[in-house]
file run.txt (compact mmCIF, C-alpha atoms)
# COMPACT_ATOMS: atom_id res chain seq x y z
CA MET A 1396 19.29 -24.90 2.98
CA ALA A 1397 17.97 -21.68 4.44
CA PRO A 1398 20.69 -19.66 6.19
CA THR A 1399 20.56 -19.52 9.99
CA TRP A 1400 20.58 -16.48 12.28
CA GLU A 1401 24.30 -17.14 12.91
CA ASP A 1402 24.98 -17.08 9.16
CA LEU A 1403 23.24 -13.75 8.62
CA GLU A 1404 25.76 -11.32 10.06
CA PRO A 1405 26.17 -7.94 8.32
CA GLY A 1406 27.95 -8.49 5.01
CA ALA A 1407 26.46 -11.97 4.49
CA ALA A 1408 25.30 -12.38 0.90
CA PRO A 1409 23.84 -15.07 -1.32
CA GLU A 1410 25.54 -15.91 -4.60
CA ARG A 1411 24.78 -13.35 -7.28
CA ARG A 1412 22.51 -14.65 -10.00
CA GLU A 1413 21.99 -13.76 -13.66
CA TYR A 1414 18.70 -13.78 -15.53
CA GLY A 1415 17.91 -13.26 -19.20
CA PRO A 1416 18.24 -12.19 -21.89
CA LEU A 1417 14.92 -10.46 -21.31
CA THR A 1418 12.59 -10.54 -24.30
CA ARG A 1419 9.30 -8.92 -25.25
CA THR A 1420 7.70 -12.21 -24.22
CA HIS A 1421 8.92 -11.68 -20.64
CA PHE A 1422 7.35 -8.18 -20.69
CA VAL A 1423 3.92 -9.27 -21.93
CA ARG A 1424 3.85 -12.32 -19.67
CA TYR A 1425 4.50 -10.05 -16.70
CA GLN A 1426 1.91 -7.53 -17.88
CA GLY A 1427 -0.70 -10.30 -18.03
CA ALA A 1428 0.32 -11.60 -14.61
CA SER A 1429 0.31 -8.16 -12.98
CA GLY A 1430 -2.56 -6.30 -14.67
CA ASP A 1431 -0.36 -3.36 -15.75
CA PHE A 1432 -1.16 -2.95 -19.44
CA ASN A 1433 0.72 0.28 -20.14
CA PRO A 1434 1.26 -0.02 -23.94
CA ILE A 1435 4.73 1.51 -23.71
CA HIS A 1436 6.01 -2.00 -22.77
CA HIS A 1437 4.53 -3.92 -25.73
CA ASP A 1438 3.30 -1.53 -28.44
CA GLU A 1439 6.22 -0.45 -30.67
CA GLU A 1440 4.29 2.40 -32.29
CA PHE A 1441 3.21 3.77 -28.93
CA ALA A 1442 6.76 3.54 -27.53
CA ARG A 1443 8.18 5.39 -30.56
CA SER A 1444 5.47 8.04 -30.37
CA ALA A 1445 6.63 8.67 -26.80
CA GLY A 1446 10.21 9.18 -28.06
CA PHE A 1447 11.73 5.81 -27.15
CA PRO A 1448 13.66 3.67 -29.67
CA THR A 1449 11.52 0.61 -28.86
CA VAL A 1450 9.50 -0.94 -26.04
CA PHE A 1451 11.23 -1.38 -22.67
CA SER A 1452 10.67 -3.61 -19.66
CA VAL A 1453 8.13 -3.01 -16.92
CA GLY A 1454 10.03 -1.73 -13.87
CA MET A 1455 8.00 -4.03 -11.68
CA LEU A 1456 9.17 -7.03 -13.74
CA GLN A 1457 12.80 -6.54 -12.71
CA ALA A 1458 11.56 -5.69 -9.20
CA GLY A 1459 9.67 -9.00 -9.20
CA ILE A 1460 12.73 -10.90 -10.40
CA LEU A 1461 14.77 -9.28 -7.61
CA ALA A 1462 12.02 -10.30 -5.14
CA SER A 1463 12.12 -13.88 -6.44
CA TYR A 1464 15.90 -13.91 -6.02
CA VAL A 1465 15.77 -12.77 -2.40
CA THR A 1466 12.78 -14.92 -1.34
CA ASP A 1467 14.58 -17.95 -2.80
CA TRP A 1468 17.29 -17.17 -0.23
CA LEU A 1469 15.34 -16.24 2.93
CA GLY A 1470 11.86 -17.68 2.30
CA PRO A 1471 8.76 -15.97 0.90
CA ALA A 1472 6.74 -16.15 4.14
CA ASN A 1473 9.47 -14.23 6.01
CA VAL A 1474 9.46 -10.96 4.08
CA ARG A 1475 8.17 -7.90 5.97
CA ARG A 1476 9.32 -5.08 3.68
CA PHE A 1477 10.44 -4.90 0.08
CA ALA A 1478 11.23 -1.50 -1.44
CA VAL A 1479 12.78 -0.53 -4.78
CA GLN A 1480 13.90 2.60 -6.57
CA PHE A 1481 14.00 2.44 -10.35
CA ARG A 1482 17.16 3.73 -12.07
CA GLU A 1483 17.97 2.77 -15.67
CA GLN A 1484 15.39 1.30 -17.99
CA VAL A 1485 15.80 -2.34 -19.04
CA TRP A 1486 15.67 -3.11 -22.77
CA PRO A 1487 15.00 -6.23 -24.84
CA GLY A 1488 18.19 -8.33 -24.92
CA ASP A 1489 19.48 -7.16 -21.53
CA HIS A 1490 20.70 -9.69 -18.98
CA LEU A 1491 20.12 -8.81 -15.32
CA ARG A 1492 22.34 -9.60 -12.34
CA CYS A 1493 20.76 -9.66 -8.86
CA SER A 1494 22.63 -9.30 -5.59
CA ALA A 1495 21.79 -8.85 -1.92
CA GLU A 1496 23.69 -8.21 1.30
CA VAL A 1497 22.75 -8.10 4.98
CA THR A 1498 23.16 -4.56 6.32
CA LYS A 1499 21.75 -5.03 9.84
CA ARG A 1500 20.78 -7.89 12.16
CA TYR A 1501 18.53 -7.09 15.13
CA GLU A 1502 15.51 -7.97 17.25
CA HIS A 1503 12.19 -6.18 16.80
CA ASP A 1504 9.11 -6.91 18.96
CA GLY A 1505 10.62 -10.25 19.99
CA GLU A 1506 11.34 -11.25 16.37
CA ARG A 1507 14.78 -11.73 14.86
CA ARG A 1508 15.14 -9.64 11.73
CA VAL A 1509 17.65 -8.70 9.07
CA ASP A 1510 17.72 -5.69 6.77
CA LEU A 1511 19.17 -6.15 3.30
CA ALA A 1512 20.53 -3.93 0.54
CA LEU A 1513 19.41 -5.17 -2.87
CA ALA A 1514 20.62 -4.45 -6.38
CA CYS A 1515 19.66 -5.43 -9.89
CA GLU A 1516 22.10 -4.37 -12.60
CA ARG A 1517 22.12 -4.55 -16.38
CA VAL A 1518 24.93 -6.95 -17.19
CA GLU A 1519 25.89 -5.57 -20.63
CA SER A 1520 25.97 -1.87 -19.68
CA GLY A 1521 26.92 -2.31 -16.02
CA GLY A 1522 24.25 0.25 -15.13
CA ALA A 1523 21.97 -0.01 -12.12
CA ALA A 1524 18.40 -0.96 -13.00
CA ILE A 1525 17.20 -1.07 -9.40
CA LYS A 1526 18.46 -0.22 -5.94
CA GLY A 1527 16.38 -1.73 -3.18
CA GLU A 1528 16.01 -2.66 0.46
CA ALA A 1529 14.23 -5.46 2.25
CA THR A 1530 13.47 -6.68 5.76
CA PHE A 1531 13.01 -10.37 6.60
CA VAL A 1532 12.25 -12.18 9.84
CA VAL A 1533 14.56 -15.09 10.62
CA PRO A 1534 12.55 -17.94 12.19
CA MET B 969 0.82 18.69 -14.13
CA VAL B 970 -1.25 17.36 -11.28
CA ASP B 971 -3.25 19.62 -9.07
CA GLU B 972 -1.93 19.46 -5.50
CA SER B 973 -5.52 19.45 -4.32
CA ALA B 974 -5.45 15.75 -5.30
CA VAL B 975 -3.60 15.05 -2.02
CA GLY B 976 -5.87 13.20 0.36
CA ARG B 977 -8.12 11.99 -2.42
CA VAL B 978 -9.35 8.52 -1.42
CA GLY B 979 -10.47 6.00 -4.02
CA GLN B 980 -13.53 3.82 -3.75
CA PRO B 981 -12.81 0.80 -1.50
CA PHE B 982 -12.57 -2.57 -3.25
CA ASP B 983 -12.16 -6.25 -2.38
CA MET B 984 -9.39 -8.47 -3.69
CA VAL B 985 -9.08 -12.25 -3.45
CA VAL B 986 -5.59 -13.76 -3.49
CA GLU B 987 -5.76 -16.77 -5.85
CA ARG B 988 -3.46 -19.79 -6.19
CA GLY B 989 -3.48 -19.76 -10.00
CA LYS B 990 -2.63 -16.07 -10.09
CA ILE B 991 0.23 -16.63 -7.62
CA ARG B 992 1.52 -19.42 -9.88
CA GLU B 993 1.28 -17.22 -12.98
CA PHE B 994 2.96 -14.33 -11.15
CA ALA B 995 5.78 -16.51 -9.75
CA ARG B 996 6.54 -17.85 -13.24
CA ALA B 997 6.41 -14.38 -14.79
CA THR B 998 8.96 -13.19 -12.20
CA LEU B 999 11.22 -16.17 -12.97
CA SER B 1000 10.81 -18.00 -9.67
CA ALA B 1001 10.86 -21.79 -9.50
CA SER B 1002 10.29 -21.85 -5.74
CA PRO B 1003 8.15 -24.81 -4.57
CA GLU B 1004 6.73 -22.47 -1.91
CA TYR B 1005 4.91 -20.62 -4.70
CA LEU B 1006 4.43 -23.46 -7.21
CA ASP B 1007 3.85 -26.64 -5.16
CA ASP B 1008 2.30 -25.52 -1.87
CA PRO B 1009 -1.50 -26.03 -2.15
CA VAL B 1010 -1.99 -22.81 -0.16
CA PRO B 1011 0.98 -20.75 -1.35
CA VAL B 1012 2.12 -17.47 0.12
CA SER B 1013 2.01 -14.57 -2.35
CA PRO B 1014 5.28 -13.06 -3.66
CA PRO B 1015 6.50 -9.70 -2.23
CA THR B 1016 5.30 -7.62 -5.20
CA PHE B 1017 2.12 -9.65 -5.89
CA LEU B 1018 -0.23 -6.98 -4.56
CA VAL B 1019 0.25 -5.01 -7.78
CA ASN B 1020 -2.53 -7.41 -8.82
CA ALA B 1021 -4.93 -5.00 -7.14
CA ALA B 1022 -5.00 -3.51 -10.66
CA PHE B 1023 -7.39 -6.33 -11.61
CA TRP B 1024 -9.71 -5.54 -8.69
CA THR B 1025 -9.74 -1.76 -8.78
CA PRO B 1026 -13.19 -0.50 -9.79
CA PRO B 1027 -13.38 0.77 -13.40
CA GLY B 1028 -12.36 4.40 -13.64
CA GLU B 1029 -10.63 4.23 -10.23
CA ASN B 1030 -7.03 3.79 -11.37
CA PRO B 1031 -5.45 6.66 -9.39
CA LEU B 1032 -3.00 7.58 -12.14
CA THR B 1033 -5.68 7.74 -14.82
CA VAL B 1034 -8.02 9.65 -12.52
CA LEU B 1035 -5.29 12.25 -11.98
CA GLY B 1036 -4.89 12.72 -15.72
CA LEU B 1037 -1.22 11.69 -15.92
CA ASP B 1038 0.18 11.21 -19.45
CA LEU B 1039 1.40 7.61 -19.95
CA ARG B 1040 3.93 8.80 -22.56
CA ARG B 1041 5.68 10.91 -19.95
CA LEU B 1042 5.12 8.66 -16.95
CA LEU B 1043 7.90 6.83 -15.11
CA HIS B 1044 7.63 4.52 -12.14
CA GLY B 1045 10.04 6.06 -9.65
CA ALA B 1046 9.78 3.77 -6.64
CA GLN B 1047 7.63 1.09 -5.06
CA GLU B 1048 7.44 -0.21 -1.49
CA PHE B 1049 5.52 -3.05 0.16
CA VAL B 1050 5.26 -3.36 3.95
CA PHE B 1051 3.78 -6.51 5.53
CA HIS B 1052 2.47 -6.61 9.10
CA GLY B 1053 3.02 -10.36 9.30
CA PRO B 1054 3.55 -13.00 6.60
CA PRO B 1055 2.31 -11.87 3.16
CA PRO B 1056 -1.24 -13.04 2.38
CA ARG B 1057 -1.73 -16.62 1.21
CA ALA B 1058 -4.01 -18.00 -1.49
CA GLY B 1059 -7.61 -17.71 -0.37
CA ALA B 1060 -7.09 -14.47 1.56
CA GLU B 1061 -9.86 -11.94 1.04
CA LEU B 1062 -8.52 -8.41 1.35
CA HIS B 1063 -10.28 -5.10 1.60
CA ALA B 1064 -8.32 -2.34 -0.07
CA ARG B 1065 -8.38 1.39 -0.50
CA THR B 1066 -5.98 3.74 -2.28
CA ARG B 1067 -5.25 7.32 -1.29
CA VAL B 1068 -3.12 10.03 -2.85
CA ASP B 1069 -0.52 10.66 -0.15
CA LYS B 1070 1.82 13.27 -1.65
CA VAL B 1071 2.14 15.42 -4.76
CA TYR B 1072 5.31 17.46 -5.25
CA GLU B 1073 7.58 18.85 -7.96
CA LYS B 1074 11.30 18.74 -8.60
CA GLU B 1075 13.42 20.35 -11.28
CA GLY B 1076 14.81 17.75 -13.69
CA ARG B 1077 18.56 17.58 -14.27
CA ARG B 1078 18.14 18.59 -17.90
CA GLY B 1079 15.52 21.22 -17.30
CA GLY B 1080 11.79 20.90 -17.01
CA THR B 1081 9.68 20.23 -13.98
CA MET B 1082 8.94 16.69 -12.88
CA THR B 1083 5.78 15.96 -10.92
CA PHE B 1084 5.89 13.22 -8.27
CA VAL B 1085 2.70 11.49 -7.13
CA GLU B 1086 2.83 9.04 -4.20
CA THR B 1087 -0.20 6.80 -3.67
CA VAL B 1088 -0.69 4.34 -0.81
CA THR B 1089 -2.96 1.31 -0.94
CA GLU B 1090 -3.89 -0.30 2.38
CA PHE B 1091 -4.93 -3.97 2.45
CA ARG B 1092 -6.96 -5.17 5.46
CA ASP B 1093 -8.36 -8.56 6.45
CA GLY B 1094 -11.97 -9.35 7.35
CA GLN B 1095 -11.42 -8.11 10.93
CA GLY B 1096 -10.08 -4.80 9.69
CA ALA B 1097 -6.47 -5.55 10.67
CA LEU B 1098 -3.82 -4.03 8.41
CA VAL B 1099 -2.16 -6.83 6.39
CA ALA B 1100 -0.04 -4.83 3.97
CA GLU B 1101 0.60 -1.37 2.54
CA ALA B 1102 1.82 -0.60 -0.97
CA ARG B 1103 3.37 2.80 -1.73
CA SER B 1104 3.88 3.74 -5.35
CA THR B 1105 5.79 6.78 -6.62
CA ALA B 1106 4.92 7.86 -10.16
CA ILE B 1107 6.87 10.59 -11.95
CA GLU B 1108 5.45 12.62 -14.81
CA THR B 1109 8.37 14.06 -16.77
CA ALA B 1110 8.17 17.47 -18.40
CA ARG B 1111 8.40 16.19 -21.97
CA ALA B 1112 9.06 13.06 -24.00
CA PRO B 1113 12.69 11.82 -23.74
CA GLU B 1114 13.42 12.54 -27.44
CA GLU B 1115 12.97 16.27 -26.90
CA SER B 1116 14.82 16.57 -23.61
call {"tool": "encode", "arguments": {"input": "run.txt", "output": "structure tokens"}}
result
Amino acid sequence: MAPTWEDLEPGAAPERREYGPLTRTHFVRYQGASGDFNPIHHDEEFARSAGFPTVFSVGMLQAGILASYVTDWLGPANVRRFAVQFREQVWPGDHLRCSAEVTKRYEHDGERRVDLALACERVESGGAAIKGEATFVVP
Amino acid sequence: MVDESAVGRVGQPFDMVVERGKIREFARATLSASPEYLDDPVPVSPPTFLVNAAFWTPPGENPLTVLGLDLRRLLHGAQEFVFHGPPPRAGAELHARTRVDKVYEKEGRRGGTMTFVETVTEFRDGQGALVAEARSTAIETARAPEES
């Protein structure tokens, strides 16, 4: 059941959700789906030559997982803005935990909207992988 | 280091078709099981789907490659998508163009200058109306992480 306008007061939040563990297969599947073939996410030799211990996830993969999490809640046709800032890198074996919270509920050009604060954290380290924001219309 | 004269540089325009199979592949890769992506015969595209413009950008037009950024020292700092209505659905034909919006430098916490490059891609429909904008912030670090 999609939440209603009445449900979506500031502070309203869906249940947090965990994903993972992320594997190299997740990285290459996302690279094929997205068209970003930066070798640092799948080529061990390249990643080491750049000074990293191994390959690491594509930032836009965890951003995409966070987007899936929030569109599952408020509906994919209703999104009007989705913005992320990348913090810590995500490594093979990491689990991710996504969360969201309504920060503002308002009308804009005759549409009912909510702004959200989004987060994606690395479960094992507790570090922030992504901080984000989104805007959805509420039909 | 990127020359600040890159600001305002506009890439060659290109067309992009939003495809059902690509939406399905993208939804699965981003761990969604939503029937709105997977079962709808004309699905809406996910919020970050427009990164797929990478497949439609003319050869040699990738803005980061054109600017000579070093992939070994490149980080994705931030990404934003703004939609001027519902995101495009399968079958949508979009006309896109990327411009370099900002180039600036900041001192890194552990020394060394970081270069920030913000590019904006505009996606328009057949009537020229703005459908979506994607803003990408790339950061070129001063040196590989091992040495910092």
call {"tool": "closest_residue", "arguments": {"input": "run.txt", "among": "B:Pro1054, B:Pro1011, B:Gly1096, B:Pro1003", "to": "chain A", "atoms": "all atoms listed in the file"}}
result
B:Pro1054
call {"tool": "residues_around", "arguments": {"input": "run.txt", "residues": "range 1518-1527 of chain A", "least_positions_apart": "2", "cutoff": "7 Å", "atoms": "all atoms listed in the file", "output": "JSON, numbers by chain"}}
result
{"A": [1478, 1479, 1480, 1481, 1482, 1483, 1484, 1485, 1489, 1490, 1491, 1492, 1512, 1513, 1514, 1515, 1516, 1529]}
call {"tool": "closest_atom_pairs", "arguments": {"input": "run.txt", "of": "chain B", "to": "chain A", "cutoff": "6 Å", "atoms": "all atoms listed in the file", "output": "tab-separated table"}}
result
residue	atom	partner	partner_atom	distance
B:Glu993	CA	A:Ala1428	CA	5.9
B:Phe994	CA	A:Ala1428	CA	5.1
B:Ala997	CA	A:Tyr1425	CA	5.1
B:Thr998	CA	A:Ile1460	CA	4.8
B:Ser1000	CA	A:Ser1463	CA	5.4
B:Asn1020	CA	A:Ser1429	CA	5.1
B:Ala1022	CA	A:Gly1430	CA	5.5
B:Phe1023	CA	A:Gly1430	CA	5.7
B:Arg1040	CA	A:Ala1445	CA	5.0
B:Gly1045	CA	A:Phe1481	CA	5.4
B:Ala1046	CA	A:Gln1480	CA	4.3
B:Gln1047	CA	A:Val1479	CA	5.4
B:Glu1048	CA	A:Ala1478	CA	4.0
B:Phe1049	CA	A:Phe1477	CA	5.3
B:Val1050	CA	A:Arg1476	CA	4.4
B:Phe1051	CA	A:Arg1475	CA	4.6
B:Pro1054	CA	A:Ala1472	CA	5.1
B:Ala1112	CA	A:Gly1446	CA	5.7
B:Pro1113	CA	A:Gly1446	CA	5.6
B:Glu1114	CA	A:Gly1446	CA	4.7
call {"tool": "write_last_selection", "arguments": {"input": "run.txt", "atoms": "C-alpha atoms", "output": "PDB file, in the frame of the given file"}}
result
ATOM      1  CA  GLU B 993       1.280 -17.220 -12.980  1.00  0.00           C
ATOM      2  CA  PHE B 994       2.960 -14.330 -11.150  1.00  0.00           C
ATOM      3  CA  ALA B 997       6.410 -14.380 -14.790  1.00  0.00           C
ATOM      4  CA  THR B 998       8.960 -13.190 -12.200  1.00  0.00           C
ATOM      5  CA  SER B1000      10.810 -18.000  -9.670  1.00  0.00           C
ATOM      6  CA  ASN B1020      -2.530  -7.410  -8.820  1.00  0.00           C
ATOM      7  CA  ALA B1022      -5.000  -3.510 -10.660  1.00  0.00           C
ATOM      8  CA  PHE B1023      -7.390  -6.330 -11.610  1.00  0.00           C
ATOM      9  CA  ARG B1040       3.930   8.800 -22.560  1.00  0.00           C
ATOM     10  CA  GLY B1045      10.040   6.060  -9.650  1.00  0.00           C
ATOM     11  CA  ALA B1046       9.780   3.770  -6.640  1.00  0.00           C
ATOM     12  CA  GLN B1047       7.630   1.090  -5.060  1.00  0.00           C
ATOM     13  CA  GLU B1048       7.440  -0.210  -1.490  1.00  0.00           C
ATOM     14  CA  PHE B1049       5.520  -3.050   0.160  1.00  0.00           C
ATOM     15  CA  VAL B1050       5.260  -3.360   3.950  1.00  0.00           C
ATOM     16  CA  PHE B1051       3.780  -6.510   5.530  1.00  0.00           C
ATOM     17  CA  PRO B1054       3.550 -13.000   6.600  1.00  0.00           C
ATOM     18  CA  ALA B1112       9.060  13.060 -24.000  1.00  0.00           C
ATOM     19  CA  PRO B1113      12.690  11.820 -23.740  1.00  0.00           C
ATOM     20  CA  GLU B1114      13.420  12.540 -27.440  1.00  0.00           C
TER      21      GLU B1114
END
call {"tool": "residues_around", "arguments": {"input": "run.txt", "residues": "His1436 in chain A", "least_positions_apart": "2", "cutoff": "6 Å", "atoms": "all atoms listed in the file", "output": "number ranges by chain"}}
result
A: 1434, 1450-1452
call {"tool": "atom_distance", "arguments": {"input": "run.txt", "atom1": "CA of Leu1062 in chain B", "atom2": "CA of Asp983 in chain B"}}
result
5.6 Å
call {"tool": "atom_distance", "arguments": {"input": "run.txt", "atom1": "CA of Glu1073 in chain B", "atom2": "CA of Val975 in chain B"}}
result
13.2 Å
call {"tool": "atom_distance", "arguments": {"input": "run.txt", "atom1": "CA of Arg1419 in chain A", "atom2": "CA of Glu1108 in chain B"}}
result
24.2 Å
call {"tool": "closest_residue", "arguments": {"input": "run.txt", "among": "B:Pro1056, B:Leu1035, B:Ala1110, B:Trp1024", "to": "Thr1081 in chain B", "atoms": "all atoms listed in the file"}}
result
B:Ala1110
call {"tool": "closest_residue", "arguments": {"input": "run.txt", "among": "B:Arg992, B:Arg1067, B:His1052, B:His1044", "to": "Val978 in chain B", "atoms": "only C-alpha atoms"}}
result
B:Arg1067
call {"tool": "residues_around", "arguments": {"input": "run.txt", "residues": "Gly976 in chain B", "least_positions_apart": "5", "cutoff": "12 Å", "atoms": "only C-alpha atoms", "output": "short mmCIF file (atom, residue, chain, number, x, y, z; two decimals) with C-alpha atoms, in the coordinates of the input"}}
result
data_model
loop_
_atom_site.label_atom_id
_atom_site.label_comp_id
_atom_site.auth_asym_id
_atom_site.auth_seq_id
_atom_site.Cartn_x
_atom_site.Cartn_y
_atom_site.Cartn_z
CA ASP B 971 -3.25 19.62 -9.07
CA PRO B 1031 -5.45 6.66 -9.39
CA THR B 1066 -5.98 3.74 -2.28
CA ARG B 1067 -5.25 7.32 -1.29
CA VAL B 1068 -3.12 10.03 -2.85
CA ASP B 1069 -0.52 10.66 -0.15
CA LYS B 1070 1.82 13.27 -1.65
CA VAL B 1071 2.14 15.42 -4.76
CA VAL B 1085 2.70 11.49 -7.13
CA GLU B 1086 2.83 9.04 -4.20
CA THR B 1087 -0.20 6.80 -3.67
CA VAL B 1088 -0.69 4.34 -0.81
#
call {"tool": "residues_near_point", "arguments": {"input": "run.txt", "point": "(18.7, -21.3, 4.7)", "cutoff": "12 Å", "atoms": "only C-alpha atoms", "output": "ChimeraX atom specification"}}
result
/A:1396-1403,1408-1409,1465-1471,1473,1533-1534
call {"tool": "write_last_selection", "arguments": {"input": "run.txt", "atoms": "C-alpha atoms", "output": "JSON list (two decimals), in the coordinates of the input"}}
result
[["chain", "number", "residue", "atom", "x", "y", "z"],
["A", 1396, "MET", "CA", 19.29, -24.90, 2.98],
["A", 1397, "ALA", "CA", 17.97, -21.68, 4.44],
["A", 1398, "PRO", "CA", 20.69, -19.66, 6.19],
["A", 1399, "THR", "CA", 20.56, -19.52, 9.99],
["A", 1400, "TRP", "CA", 20.58, -16.48, 12.28],
["A", 1401, "GLU", "CA", 24.30, -17.14, 12.91],
["A", 1402, "ASP", "CA", 24.98, -17.08, 9.16],
["A", 1403, "LEU", "CA", 23.24, -13.75, 8.62],
["A", 1408, "ALA", "CA", 25.30, -12.38, 0.90],
["A", 1409, "PRO", "CA", 23.84, -15.07, -1.32],
["A", 1465, "VAL", "CA", 15.77, -12.77, -2.40],
["A", 1466, "THR", "CA", 12.78, -14.92, -1.34],
["A", 1467, "ASP", "CA", 14.58, -17.95, -2.80],
["A", 1468, "TRP", "CA", 17.29, -17.17, -0.23],
["A", 1469, "LEU", "CA", 15.34, -16.24, 2.93],
["A", 1470, "GLY", "CA", 11.86, -17.68, 2.30],
["A", 1471, "PRO", "CA", 8.76, -15.97, 0.90],
["A", 1473, "ASN", "CA", 9.47, -14.23, 6.01],
["A", 1533, "VAL", "CA", 14.56, -15.09, 10.62],
["A", 1534, "PRO", "CA", 12.55, -17.94, 12.19]]
